[in-house]
Each structure stands twice: as C-alpha cells, then as structure tokens.
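Trainee: Following this line is final_34.pdb, made up of PDB, C-alpha atoms and all ligand atoms:
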```pdb
MODEL        1
ATOM      1  CA  MET A 198       0.000   0.000   0.000  1.00  0.00           C
ATOM      2  CA  GLU A 199       1.175   3.467  -0.790  1.00  0.00           C
ATOM      3  CA  GLN A 200       2.416   5.509   2.159  1.00  0.00           C
ATOM      4  CA  LYS A 201       0.507   8.610   3.158  1.00  0.00           C
ATOM      5  CA  PRO A 202       2.125  12.002   3.638  1.00  0.00           C
ATOM      6  CA  ASP A 203       2.712  13.374   7.128  1.00  0.00           C
ATOM      7  CA  VAL A 204       0.875  16.528   8.090  1.00  0.00           C
ATOM      8  CA  VAL A 205       1.491  18.951  10.933  1.00  0.00           C
ATOM      9  CA  PHE A 206      -1.227  21.550  11.437  1.00  0.00           C
ATOM     10  CA  VAL A 207       0.077  24.921  12.623  1.00  0.00           C
ATOM     11  CA  LEU A 208      -2.458  27.040  14.486  1.00  0.00           C
ATOM     12  CA  GLY A 209      -2.474  30.226  16.533  1.00  0.00           C
ATOM     13  CA  GLY A 210      -4.033  33.674  16.337  1.00  0.00           C
ATOM     14  CA  PRO A 211      -3.528  36.047  13.417  1.00  0.00           C
ATOM     15  CA  GLY A 212      -0.024  37.417  13.905  1.00  0.00           C
ATOM     16  CA  SER A 213       1.109  34.612  16.189  1.00  0.00           C
ATOM     17  CA  GLY A 214       3.996  33.907  13.806  1.00  0.00           C
ATOM     18  CA  LYS A 215       2.731  30.862  11.934  1.00  0.00           C
ATOM     19  CA  GLY A 216       4.124  31.904   8.555  1.00  0.00           C
ATOM     20  CA  THR A 217       7.500  33.050   9.907  1.00  0.00           C
ATOM     21  CA  GLN A 218       8.092  29.908  11.944  1.00  0.00           C
ATOM     22  CA  CYS A 219       6.789  27.578   9.219  1.00  0.00           C
ATOM     23  CA  ARG A 220       9.355  28.916   6.754  1.00  0.00           C
ATOM     24  CA  ARG A 221      12.118  28.012   9.193  1.00  0.00           C
ATOM     25  CA  ILE A 222      10.740  24.546   9.979  1.00  0.00           C
ATOM     26  CA  ALA A 223      10.265  23.794   6.273  1.00  0.00           C
ATOM     27  CA  ASN A 224      13.865  24.720   5.632  1.00  0.00           C
ATOM     28  CA  ASP A 225      15.390  22.710   8.492  1.00  0.00           C
ATOM     29  CA  TYR A 226      13.178  19.619   8.473  1.00  0.00           C
ATOM     30  CA  ASN A 227      12.422  19.202   4.771  1.00  0.00           C
ATOM     31  CA  PHE A 228       8.738  20.061   4.983  1.00  0.00           C
ATOM     32  CA  VAL A 229       6.630  21.806   2.382  1.00  0.00           C
ATOM     33  CA  HIS A 230       4.902  24.820   3.915  1.00  0.00           C
ATOM     34  CA  LEU A 231       1.316  25.257   2.766  1.00  0.00           C
ATOM     35  CA  SER A 232      -0.443  28.342   4.096  1.00  0.00           C
ATOM     36  CA  ALA A 233      -4.197  27.969   3.679  1.00  0.00           C
ATOM     37  CA  GLY A 234      -4.487  31.780   3.652  1.00  0.00           C
ATOM     38  CA  ASP A 235      -1.844  32.100   0.910  1.00  0.00           C
ATOM     39  CA  LEU A 236      -3.550  29.420  -1.187  1.00  0.00           C
ATOM     40  CA  LEU A 237      -6.850  31.272  -0.825  1.00  0.00           C
ATOM     41  CA  ARG A 238      -5.231  34.602  -1.770  1.00  0.00           C
ATOM     42  CA  GLU A 239      -3.661  32.952  -4.808  1.00  0.00           C
ATOM     43  CA  GLU A 240      -7.024  31.519  -5.845  1.00  0.00           C
ATOM     44  CA  ARG A 241      -8.648  34.946  -5.301  1.00  0.00           C
ATOM     45  CA  ASN A 242      -6.023  36.513  -7.590  1.00  0.00           C
ATOM     46  CA  THR A 243      -6.541  33.969 -10.352  1.00  0.00           C
ATOM     47  CA  PRO A 244      -8.366  35.696 -13.202  1.00  0.00           C
ATOM     48  CA  ASN A 245     -11.829  34.227 -13.789  1.00  0.00           C
ATOM     49  CA  SER A 246     -11.798  32.224 -10.562  1.00  0.00           C
ATOM     50  CA  GLN A 247     -15.417  31.618  -9.673  1.00  0.00           C
ATOM     51  CA  TYR A 248     -14.490  31.989  -5.995  1.00  0.00           C
ATOM     52  CA  GLY A 249     -12.489  35.235  -6.143  1.00  0.00           C
ATOM     53  CA  GLU A 250     -15.134  37.537  -4.731  1.00  0.00           C
ATOM     54  CA  LEU A 251     -16.369  35.096  -2.126  1.00  0.00           C
ATOM     55  CA  ILE A 252     -12.834  34.553  -0.842  1.00  0.00           C
ATOM     56  CA  GLU A 253     -12.072  38.294  -0.660  1.00  0.00           C
ATOM     57  CA  ASN A 254     -15.268  38.942   1.292  1.00  0.00           C
ATOM     58  CA  HIS A 255     -14.353  36.289   3.841  1.00  0.00           C
ATOM     59  CA  ILE A 256     -10.787  37.556   4.164  1.00  0.00           C
ATOM     60  CA  ARG A 257     -11.833  41.174   4.801  1.00  0.00           C
ATOM     61  CA  ASN A 258     -14.449  40.083   7.304  1.00  0.00           C
ATOM     62  CA  GLY A 259     -12.159  37.615   9.017  1.00  0.00           C
ATOM     63  CA  THR A 260     -14.695  34.854   8.450  1.00  0.00           C
ATOM     64  CA  ILE A 261     -13.939  31.367   7.195  1.00  0.00           C
ATOM     65  CA  VAL A 262     -14.224  30.229   3.591  1.00  0.00           C
ATOM     66  CA  PRO A 263     -16.306  27.034   3.069  1.00  0.00           C
ATOM     67  CA  VAL A 264     -14.074  24.019   3.552  1.00  0.00           C
ATOM     68  CA  ALA A 265     -14.699  22.412   0.163  1.00  0.00           C
ATOM     69  CA  ILE A 266     -12.744  25.267  -1.443  1.00  0.00           C
ATOM     70  CA  THR A 267      -9.882  25.363   1.066  1.00  0.00           C
ATOM     71  CA  CYS A 268      -9.487  21.623   1.387  1.00  0.00           C
ATOM     72  CA  SER A 269      -9.350  21.111  -2.374  1.00  0.00           C
ATOM     73  CA  LEU A 270      -6.676  23.805  -2.678  1.00  0.00           C
ATOM     74  CA  LEU A 271      -4.697  22.011   0.037  1.00  0.00           C
ATOM     75  CA  GLU A 272      -5.127  18.577  -1.527  1.00  0.00           C
ATOM     76  CA  ASN A 273      -4.059  19.840  -4.969  1.00  0.00           C
ATOM     77  CA  ALA A 274      -1.019  21.562  -3.503  1.00  0.00           C
ATOM     78  CA  MET A 275      -0.047  18.400  -1.629  1.00  0.00           C
ATOM     79  CA  ASN A 276      -0.355  16.241  -4.735  1.00  0.00           C
ATOM     80  CA  LYS A 277       1.618  18.707  -6.836  1.00  0.00           C
ATOM     81  CA  ASN A 278       4.444  18.884  -4.324  1.00  0.00           C
ATOM     82  CA  VAL A 279       4.673  15.110  -3.886  1.00  0.00           C
ATOM     83  CA  ALA A 280       4.914  14.733  -7.671  1.00  0.00           C
ATOM     84  CA  LYS A 281       7.486  17.521  -7.917  1.00  0.00           C
ATOM     85  CA  ARG A 282       9.748  16.116  -5.201  1.00  0.00           C
ATOM     86  CA  ALA A 283       9.480  12.625  -6.711  1.00  0.00           C
ATOM     87  CA  ALA A 284      10.493  14.012 -10.111  1.00  0.00           C
ATOM     88  CA  GLU A 285      13.455  15.721  -8.449  1.00  0.00           C
ATOM     89  CA  GLY A 286      14.452  12.401  -6.886  1.00  0.00           C
ATOM     90  CA  ASP A 287      14.112  13.711  -3.319  1.00  0.00           C
ATOM     91  CA  THR A 288      13.871  10.340  -1.573  1.00  0.00           C
ATOM     92  CA  ASN A 289      14.182  12.024   1.808  1.00  0.00           C
ATOM     93  CA  PHE A 290      10.777  13.644   1.236  1.00  0.00           C
ATOM     94  CA  GLY A 291       9.252  10.164   1.018  1.00  0.00           C
ATOM     95  CA  SER A 292       5.510  10.284   0.666  1.00  0.00           C
ATOM     96  CA  GLY A 293       5.551  13.873   1.812  1.00  0.00           C
ATOM     97  CA  ARG A 294       5.858  16.156   4.814  1.00  0.00           C
ATOM     98  CA  PHE A 295       3.507  19.089   4.985  1.00  0.00           C
ATOM     99  CA  LEU A 296       3.084  21.973   7.373  1.00  0.00           C
ATOM    100  CA  ILE A 297      -0.482  23.150   6.991  1.00  0.00           C
ATOM    101  CA  ASP A 298      -0.498  26.701   8.313  1.00  0.00           C
ATOM    102  CA  GLY A 299      -3.765  28.333   9.403  1.00  0.00           C
ATOM    103  CA  PHE A 300      -6.084  25.351   8.973  1.00  0.00           C
ATOM    104  CA  PRO A 301      -8.415  23.882  10.331  1.00  0.00           C
ATOM    105  CA  ARG A 302      -9.910  27.107  11.680  1.00  0.00           C
ATOM    106  CA  ASN A 303     -13.448  26.057  12.572  1.00  0.00           C
ATOM    107  CA  MET A 304     -15.700  23.008  12.871  1.00  0.00           C
ATOM    108  CA  ASP A 305     -16.583  23.132   9.164  1.00  0.00           C
ATOM    109  CA  ASN A 306     -12.846  22.995   8.306  1.00  0.00           C
ATOM    110  CA  TYR A 307     -12.207  20.201  10.790  1.00  0.00           C
ATOM    111  CA  GLU A 308     -15.077  18.018   9.617  1.00  0.00           C
ATOM    112  CA  GLY A 309     -14.347  18.737   5.962  1.00  0.00           C
ATOM    113  CA  TRP A 310     -10.745  17.620   6.425  1.00  0.00           C
ATOM    114  CA  GLN A 311     -11.867  14.420   8.196  1.00  0.00           C
ATOM    115  CA  LYS A 312     -14.206  13.665   5.339  1.00  0.00           C
ATOM    116  CA  GLN A 313     -11.915  14.509   2.441  1.00  0.00           C
ATOM    117  CA  MET A 314      -8.407  13.848   3.781  1.00  0.00           C
ATOM    118  CA  ALA A 315      -8.436  11.583   6.834  1.00  0.00           C
ATOM    119  CA  ASP A 316      -7.681   8.531   4.662  1.00  0.00           C
ATOM    120  CA  LYS A 317      -5.078  10.334   2.588  1.00  0.00           C
ATOM    121  CA  ALA A 318      -2.739  11.851   5.180  1.00  0.00           C
ATOM    122  CA  ASN A 319      -1.405  11.238   8.684  1.00  0.00           C
ATOM    123  CA  VAL A 320      -1.824  14.203  10.985  1.00  0.00           C
ATOM    124  CA  ARG A 321       1.116  13.809  13.362  1.00  0.00           C
ATOM    125  CA  PHE A 322       0.411  16.734  15.671  1.00  0.00           C
ATOM    126  CA  VAL A 323      -0.878  20.282  15.944  1.00  0.00           C
ATOM    127  CA  LEU A 324       1.695  22.974  16.625  1.00  0.00           C
ATOM    128  CA  TYR A 325      -0.065  25.697  18.583  1.00  0.00           C
ATOM    129  CA  LEU A 326       1.579  29.102  18.799  1.00  0.00           C
ATOM    130  CA  GLU A 327       0.105  30.743  21.851  1.00  0.00           C
ATOM    131  CA  CYS A 328       0.207  34.516  21.758  1.00  0.00           C
ATOM    132  CA  PRO A 329      -1.769  37.216  23.631  1.00  0.00           C
ATOM    133  CA  GLN A 330      -4.156  39.135  21.434  1.00  0.00           C
ATOM    134  CA  GLU A 331      -2.517  42.527  22.085  1.00  0.00           C
ATOM    135  CA  VAL A 332       0.723  41.174  20.668  1.00  0.00           C
ATOM    136  CA  CYS A 333      -1.129  39.700  17.670  1.00  0.00           C
ATOM    137  CA  MET A 334      -2.852  43.014  17.025  1.00  0.00           C
ATOM    138  CA  GLU A 335       0.370  45.006  17.252  1.00  0.00           C
ATOM    139  CA  ARG A 336       2.265  42.676  14.922  1.00  0.00           C
ATOM    140  CA  CYS A 337      -0.429  42.675  12.236  1.00  0.00           C
ATOM    141  CA  LEU A 338      -0.867  46.454  12.335  1.00  0.00           C
ATOM    142  CA  LYS A 339       2.899  46.834  12.020  1.00  0.00           C
ATOM    143  CA  ARG A 340       2.910  44.364   9.125  1.00  0.00           C
ATOM    144  CA  GLY A 341       0.140  46.383   7.445  1.00  0.00           C
ATOM    145  CA  GLN A 342       2.026  49.659   7.926  1.00  0.00           C
ATOM    146  CA  ALA A 343       5.173  48.057   6.551  1.00  0.00           C
ATOM    147  CA  GLY A 344       3.249  47.345   3.344  1.00  0.00           C
ATOM    148  CA  SER A 345       2.112  43.721   3.638  1.00  0.00           C
ATOM    149  CA  GLY A 346      -0.510  44.613   1.027  1.00  0.00           C
ATOM    150  CA  ARG A 347      -2.978  42.373   2.857  1.00  0.00           C
ATOM    151  CA  SER A 348      -6.533  43.645   2.810  1.00  0.00           C
ATOM    152  CA  ASP A 349      -7.012  42.304   6.353  1.00  0.00           C
ATOM    153  CA  ASP A 350      -3.992  43.822   8.134  1.00  0.00           C
ATOM    154  CA  ASN A 351      -6.002  46.794   9.434  1.00  0.00           C
ATOM    155  CA  GLU A 352      -7.588  47.389  12.806  1.00  0.00           C
ATOM    156  CA  GLU A 353     -11.162  46.691  11.743  1.00  0.00           C
ATOM    157  CA  SER A 354     -10.394  43.386   9.994  1.00  0.00           C
ATOM    158  CA  MET A 355      -8.031  42.415  12.811  1.00  0.00           C
ATOM    159  CA  ARG A 356     -10.795  42.797  15.412  1.00  0.00           C
ATOM    160  CA  LYS A 357     -12.979  40.495  13.361  1.00  0.00           C
ATOM    161  CA  ARG A 358     -10.167  38.003  12.797  1.00  0.00           C
ATOM    162  CA  LEU A 359      -9.498  37.849  16.529  1.00  0.00           C
ATOM    163  CA  VAL A 360     -13.172  37.244  17.310  1.00  0.00           C
ATOM    164  CA  THR A 361     -13.247  34.406  14.768  1.00  0.00           C
ATOM    165  CA  TYR A 362     -10.058  33.024  16.257  1.00  0.00           C
ATOM    166  CA  PHE A 363     -11.318  33.000  19.836  1.00  0.00           C
ATOM    167  CA  THR A 364     -14.827  31.767  19.100  1.00  0.00           C
ATOM    168  CA  GLN A 365     -14.108  29.246  16.321  1.00  0.00           C
ATOM    169  CA  THR A 366     -10.448  28.261  16.120  1.00  0.00           C
ATOM    170  CA  LEU A 367      -9.576  27.927  19.808  1.00  0.00           C
ATOM    171  CA  PRO A 368     -12.347  25.328  20.288  1.00  0.00           C
ATOM    172  CA  ILE A 369     -10.759  23.284  17.488  1.00  0.00           C
ATOM    173  CA  ILE A 370      -7.394  23.438  19.242  1.00  0.00           C
ATOM    174  CA  GLU A 371      -9.121  22.296  22.443  1.00  0.00           C
ATOM    175  CA  LEU A 372     -10.790  19.476  20.559  1.00  0.00           C
ATOM    176  CA  CYS A 373      -7.444  18.291  19.159  1.00  0.00           C
ATOM    177  CA  ASP A 374      -5.952  18.579  22.628  1.00  0.00           C
ATOM    178  CA  LYS A 375      -8.421  15.972  23.848  1.00  0.00           C
ATOM    179  CA  SER A 376      -6.684  13.489  21.531  1.00  0.00           C
ATOM    180  CA  ASN A 377      -3.295  14.648  22.853  1.00  0.00           C
ATOM    181  CA  LEU A 378      -2.348  16.045  19.478  1.00  0.00           C
ATOM    182  CA  VAL A 379      -1.461  19.570  20.564  1.00  0.00           C
ATOM    183  CA  LYS A 380       2.096  20.840  21.157  1.00  0.00           C
ATOM    184  CA  LYS A 381       1.880  24.288  22.672  1.00  0.00           C
ATOM    185  CA  VAL A 382       4.657  26.834  22.279  1.00  0.00           C
ATOM    186  CA  PRO A 383       4.641  30.334  23.845  1.00  0.00           C
ATOM    187  CA  ALA A 384       4.879  32.700  20.892  1.00  0.00           C
ATOM    188  CA  ALA A 385       4.999  36.231  22.288  1.00  0.00           C
ATOM    189  CA  CYS A 386       8.783  36.334  22.556  1.00  0.00           C
ATOM    190  CA  CYS A 387      11.298  36.893  19.792  1.00  0.00           C
ATOM    191  CA  GLU A 388      11.448  34.773  16.661  1.00  0.00           C
ATOM    192  CA  GLU A 389      14.628  32.977  17.704  1.00  0.00           C
ATOM    193  CA  GLU A 390      13.349  31.977  21.113  1.00  0.00           C
ATOM    194  CA  VAL A 391      10.060  30.680  19.716  1.00  0.00           C
ATOM    195  CA  TYR A 392      11.931  28.705  17.093  1.00  0.00           C
ATOM    196  CA  ASN A 393      14.179  27.081  19.685  1.00  0.00           C
ATOM    197  CA  ALA A 394      11.124  25.671  21.442  1.00  0.00           C
ATOM    198  CA  ILE A 395       9.705  24.482  18.109  1.00  0.00           C
ATOM    199  CA  LYS A 396      12.957  22.755  17.214  1.00  0.00           C
ATOM    200  CA  THR A 397      12.833  20.675  20.374  1.00  0.00           C
ATOM    201  CA  ILE A 398       9.460  19.322  19.268  1.00  0.00           C
ATOM    202  CA  PHE A 399      10.465  18.614  15.679  1.00  0.00           C
ATOM    203  CA  GLU A 400      13.715  16.927  16.699  1.00  0.00           C
ATOM    204  CA  GLU A 401      11.666  14.385  18.588  1.00  0.00           C
ATOM    205  CA  TYR A 402       9.500  13.483  15.604  1.00  0.00           C
ATOM    206  CA  TYR A 403      11.850  14.169  12.730  1.00  0.00           C
ATOM    207  CA  PRO A 404      15.404  13.763  14.018  1.00  0.00           C
ATOM    208  CA  LYS A 405      18.022  15.033  11.627  1.00  0.00           C
ATOM    209  CA  VAL A 406      20.400  12.261  10.641  1.00  0.00           C
TER     210      VAL A 406
HETATM  211  N1  LIG A 501      -8.938  31.707   5.653  1.00  0.00           N
HETATM  212  C1  LIG A 501      -9.986  30.812   5.579  1.00  0.00           C
HETATM  213  N2  LIG A 501      -9.732  29.491   5.746  1.00  0.00           N
HETATM  214  C2  LIG A 501      -8.496  29.006   6.026  1.00  0.00           C
HETATM  215  C3  LIG A 501      -7.419  29.906   6.114  1.00  0.00           C
HETATM  216  C4  LIG A 501      -7.670  31.268   5.933  1.00  0.00           C
HETATM  217  O1  LIG A 501     -11.122  31.193   5.348  1.00  0.00           O
HETATM  218  O2  LIG A 501      -8.350  27.792   6.162  1.00  0.00           O
HETATM  219  C5  LIG A 501      -9.208  33.153   5.426  1.00  0.00           C
HETATM  220  C6  LIG A 501      -9.820  33.805   6.662  1.00  0.00           C
HETATM  221  O3  LIG A 501     -10.705  34.784   6.229  1.00  0.00           O
HETATM  222  C7  LIG A 501      -8.591  34.403   7.332  1.00  0.00           C
HETATM  223  C8  LIG A 501      -7.782  34.875   6.129  1.00  0.00           C
HETATM  224  O4  LIG A 501      -8.005  33.836   5.155  1.00  0.00           O
HETATM  225  O5  LIG A 501      -8.921  35.463   8.202  1.00  0.00           O
HETATM  226  C9  LIG A 501      -6.296  35.075   6.353  1.00  0.00           C
HETATM  227  O6  LIG A 501      -5.732  33.864   6.787  1.00  0.00           O
HETATM  228  P1  LIG A 501      -4.154  33.754   7.098  1.00  0.00           P
HETATM  229  O7  LIG A 501      -3.916  32.364   7.554  1.00  0.00           O
HETATM  230  O8  LIG A 501      -3.386  34.247   5.946  1.00  0.00           O
HETATM  231  O9  LIG A 501      -3.982  34.782   8.296  1.00  0.00           O
HETATM  232  P2  LIG A 501      -2.957  34.682   9.499  1.00  0.00           P
HETATM  233  O10 LIG A 501      -3.602  33.839  10.524  1.00  0.00           O
HETATM  234  O11 LIG A 501      -1.700  34.076   8.949  1.00  0.00           O
HETATM  235  O12 LIG A 501      -2.744  36.082   9.930  1.00  0.00           O
HETATM  236 MG    MG A 502      -0.111  33.552   7.897  1.00  0.00          MG
ENDMDL
END
```
In structure tokens, how does this file's structure come out?
Mentor:
Amino acid sequence: MEQKPDVVFVLGGPGSGKGTQCRRIANDYNFVHLSAGDLLREERNTPNSQYGELIENHIRNGTIVPVAITCSLLENAMNKNVAKRAAEGDTNFGSGRFLIDGFPRNMDNYEGWQKQMADKANVRFVLYLECPQEVCMERCLKRGQAGSGRSDDNEESMRKRLVTYFTQTLPIIELCDKSNLVKKVPAACCEEEVYNAIKTIFEEYYPKV
C-alpha cells in the first residue's frame, strides 16, 4: 500500500507567527509549507476564478471560507508537491511532509478535512503558537504599515479576525488537545526563542540524521 504524507497543522491567532516559523521549519526539516491563507489569496487573484469575490469577502471580514474550497486547494497543492519532489528524486521527502499553516480554523474545516483527507494523510500533531491578542494586534498592524498589502492587516479586519479566532479556532485546538495532538509553544517572545522551542518538538518526531 502506498504511504501517506505526514501533516502537521500549525495554528495560533492572526499574527502569532505561523508563517515566519513555518518557513524556518520547512527549511530545516524538509517540509513543504502550505499556508491555507496564501492558497486562498492565490485563488482569489486567479483571473476568472469563480471563488475570487467570495474569498475576498471572507478575508476582509475575518470569516472562514467554506471548507470544500480550502481543502481542495490544500489537496491539490499536496499532490503537486509530492509529484514535484518525486520528479526531483528527493527520496528524503518520502511520501511527503507538509506543514499546513492556518487550517483547520473552525468546525466546518475540521469536519471537511476528516471527510476529504483523513484517509489520505497522517496528521502527526498540531503545533499551537500561543500569543496574547494585544501582541497579535500590534504585529499585524505593524505588518500592514510596513506594506504587507494584505486587505485584512487593518484594525477593523483584525478585530474580526481575533473574534473568529477565539470563538471558532480555539475550540478546534481544544478538541485536538483531547486526543493529545497539541504541542503548545509560547509565541509572544522573539522569533529565535520561539523557534528554539519548536525545534525541540520537531527533533523528537523528525530527528536530523
Ligand atoms: N482563511 C480561511 N480558511 C483558512 C485559512 C484562511 O477562510 O483555512 C481566510 C480567513 O478569512 C482568514 C484569512 O483567510 O482570516 C487570512 O488567513 P491567514 O492564515 O493568511 O492569516 P494569518 O492567521 O496568517 O494572519
Ligand atoms: Mg499567515
């Protein structure tokens, strides 16, 4: 039987550092980093996408796009990357190692993943970047001022994103915690310090040879 790819979900509030830390993990532990938000933004920017407007409305309002769209983008990206690494002869990548950043964000996402992907991937754990909301807010506003170009890095969208996070995403993290899947890392300190804690976790599961 064909092996399934490994998946690590990376969750935490908007601005908790998911993207930043995922880029480092991907680099050190041979993972492919898939940001659900980036995949949605890419789909939104695709000319003639039938979902462009719907996605942009959700992003601005900090609400969650229906899972069928997000999960299919994730599955396609996983398949593409497995094929690409195989073509490159990257045997170390095996059947795949994926960091899925910013998903699942609500019950719809969680159930949609179970339905569409549970048989096709092994979720090894959930990396949870825990960060106070004031720090999240400050980081995203700074990122917006520095020209992130994101239509949701403004105070109004941020308030909505935080509400969605606390009411919909945190319960998913709690649900995963009941199955002992959650690895919590304090994420309010500097990038280096957060990454050191993350490395300890990854070394245990994916020791470098
Ligand atoms: N989003 C979504 N489903 C997902 C991931 C993202 O609907 O699985 C939307 C949602 O509106 C969210 C926005 O995309 O507020 C930005 O997500 P991203 O992960 O880029 O934000 P971050 O948490 O990294 O700040
Ligand atoms: Mg992000």
Trainee: Could you tell me which of A:Lys312, A:Lys201, A:Arg336, A:Arg358 comes closest to ligand LIG 501 (chain A) if we count only C-alpha atoms and all ligand atoms?
Mentor: A:Arg358
Trainee: Residue by residue, what does the PyMOL selection byres (((not hetatm)) within 7 of (chain A and resi 502)) grab here? Present the result as a list in words.
Mentor: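 Going through the file, the PyMOL selection byres (((not hetatm)) within 7 of (chain A and resi 502)) ends up selecting Pro211, Lys215, Gly216, Ser232, Gly234, Asp298 and Gly299 of chain A.
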Trainee: Quick one: residues within 8 Å of range 271-273 of chain A, all atoms listed in the file, excluding same-chain residues fewer than 4 positions away - as a PyMOL selection string?
Mentor: chain A and resi 231+233+236+267+277+314
Trainee: Restricting the calculation to only C-alpha atoms: of A:Met334, A:Cys373, A:Leu359, A:Ala274, which residue gets closest to Val320 in chain A?
Mentor: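 So, comparing all the options, the nearest one is A:Cys373.
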Trainee: Padding 5 Å on every side, please: axis-aligned box over the listed atoms of ligand LIG 501 (chain A), centre and edge lengths to one decimal in Å, as AutoDock Vina command-line options.
Mentor:
```
--center_x -6.4 --center_y 31.9 --center_z 7.8 --size_x 19.4 --size_y 18.3 --size_z 15.4
```
Trainee: Enumerate as a compact mmCIF listing (two decimals) with C-alpha atoms, keeping the file's coordinate frame the residues within 9 Å of ligand LIG 501 (chain A), counting only C-alpha atoms and all ligand atoms.
Mentor:
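File written: out21.txt
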```txt
# COMPACT_ATOMS: atom_id res chain seq x y z
CA LEU A 208 -2.46 27.04 14.49
CA GLY A 209 -2.47 30.23 16.53
CA GLY A 210 -4.03 33.67 16.34
CA PRO A 211 -3.53 36.05 13.42
CA GLY A 212 -0.02 37.42 13.90
CA SER A 213 1.11 34.61 16.19
CA GLY A 214 4.00 33.91 13.81
CA LYS A 215 2.73 30.86 11.93
CA GLY A 216 4.12 31.90 8.56
CA SER A 232 -0.44 28.34 4.10
CA ALA A 233 -4.20 27.97 3.68
CA GLY A 234 -4.49 31.78 3.65
CA ASP A 235 -1.84 32.10 0.91
CA LEU A 236 -3.55 29.42 -1.19
CA LEU A 237 -6.85 31.27 -0.82
CA ARG A 238 -5.23 34.60 -1.77
CA ILE A 252 -12.83 34.55 -0.84
CA GLU A 253 -12.07 38.29 -0.66
CA ASN A 254 -15.27 38.94 1.29
CA HIS A 255 -14.35 36.29 3.84
CA ILE A 256 -10.79 37.56 4.16
CA ARG A 257 -11.83 41.17 4.80
CA ASN A 258 -14.45 40.08 7.30
CA GLY A 259 -12.16 37.62 9.02
CA THR A 260 -14.70 34.85 8.45
CA ILE A 261 -13.94 31.37 7.20
CA VAL A 262 -14.22 30.23 3.59
CA PRO A 263 -16.31 27.03 3.07
CA VAL A 264 -14.07 24.02 3.55
CA ILE A 266 -12.74 25.27 -1.44
CA THR A 267 -9.88 25.36 1.07
CA CYS A 268 -9.49 21.62 1.39
CA ASP A 298 -0.50 26.70 8.31
CA GLY A 299 -3.76 28.33 9.40
CA PHE A 300 -6.08 25.35 8.97
CA PRO A 301 -8.41 23.88 10.33
CA ARG A 302 -9.91 27.11 11.68
CA ASN A 303 -13.45 26.06 12.57
CA ASN A 306 -12.85 23.00 8.31
CA CYS A 333 -1.13 39.70 17.67
CA CYS A 337 -0.43 42.68 12.24
CA ARG A 347 -2.98 42.37 2.86
CA ASP A 349 -7.01 42.30 6.35
CA ASP A 350 -3.99 43.82 8.13
CA SER A 354 -10.39 43.39 9.99
CA MET A 355 -8.03 42.42 12.81
CA LYS A 357 -12.98 40.49 13.36
CA ARG A 358 -10.17 38.00 12.80
CA LEU A 359 -9.50 37.85 16.53
CA THR A 361 -13.25 34.41 14.77
CA TYR A 362 -10.06 33.02 16.26
```
Trainee: In terms of the shortest atom-to-atom distance over all atoms listed in the file, which of A:Leu296, A:Val323, A:Ile222, A:Met275 is closest to Glu371 in chain A?
Mentor: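 Of A:Leu296, A:Val323, A:Ile222, A:Met275, the one nearest Glu371 in chain A, counting all atoms listed in the file, is A:Val323.
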Trainee: Tell me which of A:Gln200, A:Thr397, A:Asn319, A:Asn289 sits closest to Leu378 in chain A, counting only C-alpha atoms.
Mentor: A:Asn319
Trainee: So how far away is CA of Arg321 in chain A from CA of Asn278 in chain A, in Å?
Mentor: 18.7 Å
Trainee: Can you find the residues with an atom no farther than 10 Å from (7.8, 11.6, 2.5), counting all atoms listed in the file, and report them as a PDB file with C-alpha atoms, keeping the file's coordinate frame?
Mentor:
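Output contents, as saved in out_15.pdb:
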```
ATOM      1  CA  GLN A 200       2.416   5.509   2.159  1.00  0.00           C
ATOM      2  CA  LYS A 201       0.507   8.610   3.158  1.00  0.00           C
ATOM      3  CA  PRO A 202       2.125  12.002   3.638  1.00  0.00           C
ATOM      4  CA  ASP A 203       2.712  13.374   7.128  1.00  0.00           C
ATOM      5  CA  ASN A 227      12.422  19.202   4.771  1.00  0.00           C
ATOM      6  CA  PHE A 228       8.738  20.061   4.983  1.00  0.00           C
ATOM      7  CA  VAL A 279       4.673  15.110  -3.886  1.00  0.00           C
ATOM      8  CA  ARG A 282       9.748  16.116  -5.201  1.00  0.00           C
ATOM      9  CA  ALA A 283       9.480  12.625  -6.711  1.00  0.00           C
ATOM     10  CA  ASP A 287      14.112  13.711  -3.319  1.00  0.00           C
ATOM     11  CA  THR A 288      13.871  10.340  -1.573  1.00  0.00           C
ATOM     12  CA  ASN A 289      14.182  12.024   1.808  1.00  0.00           C
ATOM     13  CA  PHE A 290      10.777  13.644   1.236  1.00  0.00           C
ATOM     14  CA  GLY A 291       9.252  10.164   1.018  1.00  0.00           C
ATOM     15  CA  SER A 292       5.510  10.284   0.666  1.00  0.00           C
ATOM     16  CA  GLY A 293       5.551  13.873   1.812  1.00  0.00           C
ATOM     17  CA  ARG A 294       5.858  16.156   4.814  1.00  0.00           C
ATOM     18  CA  PHE A 295       3.507  19.089   4.985  1.00  0.00           C
TER      19      PHE A 295
END
```
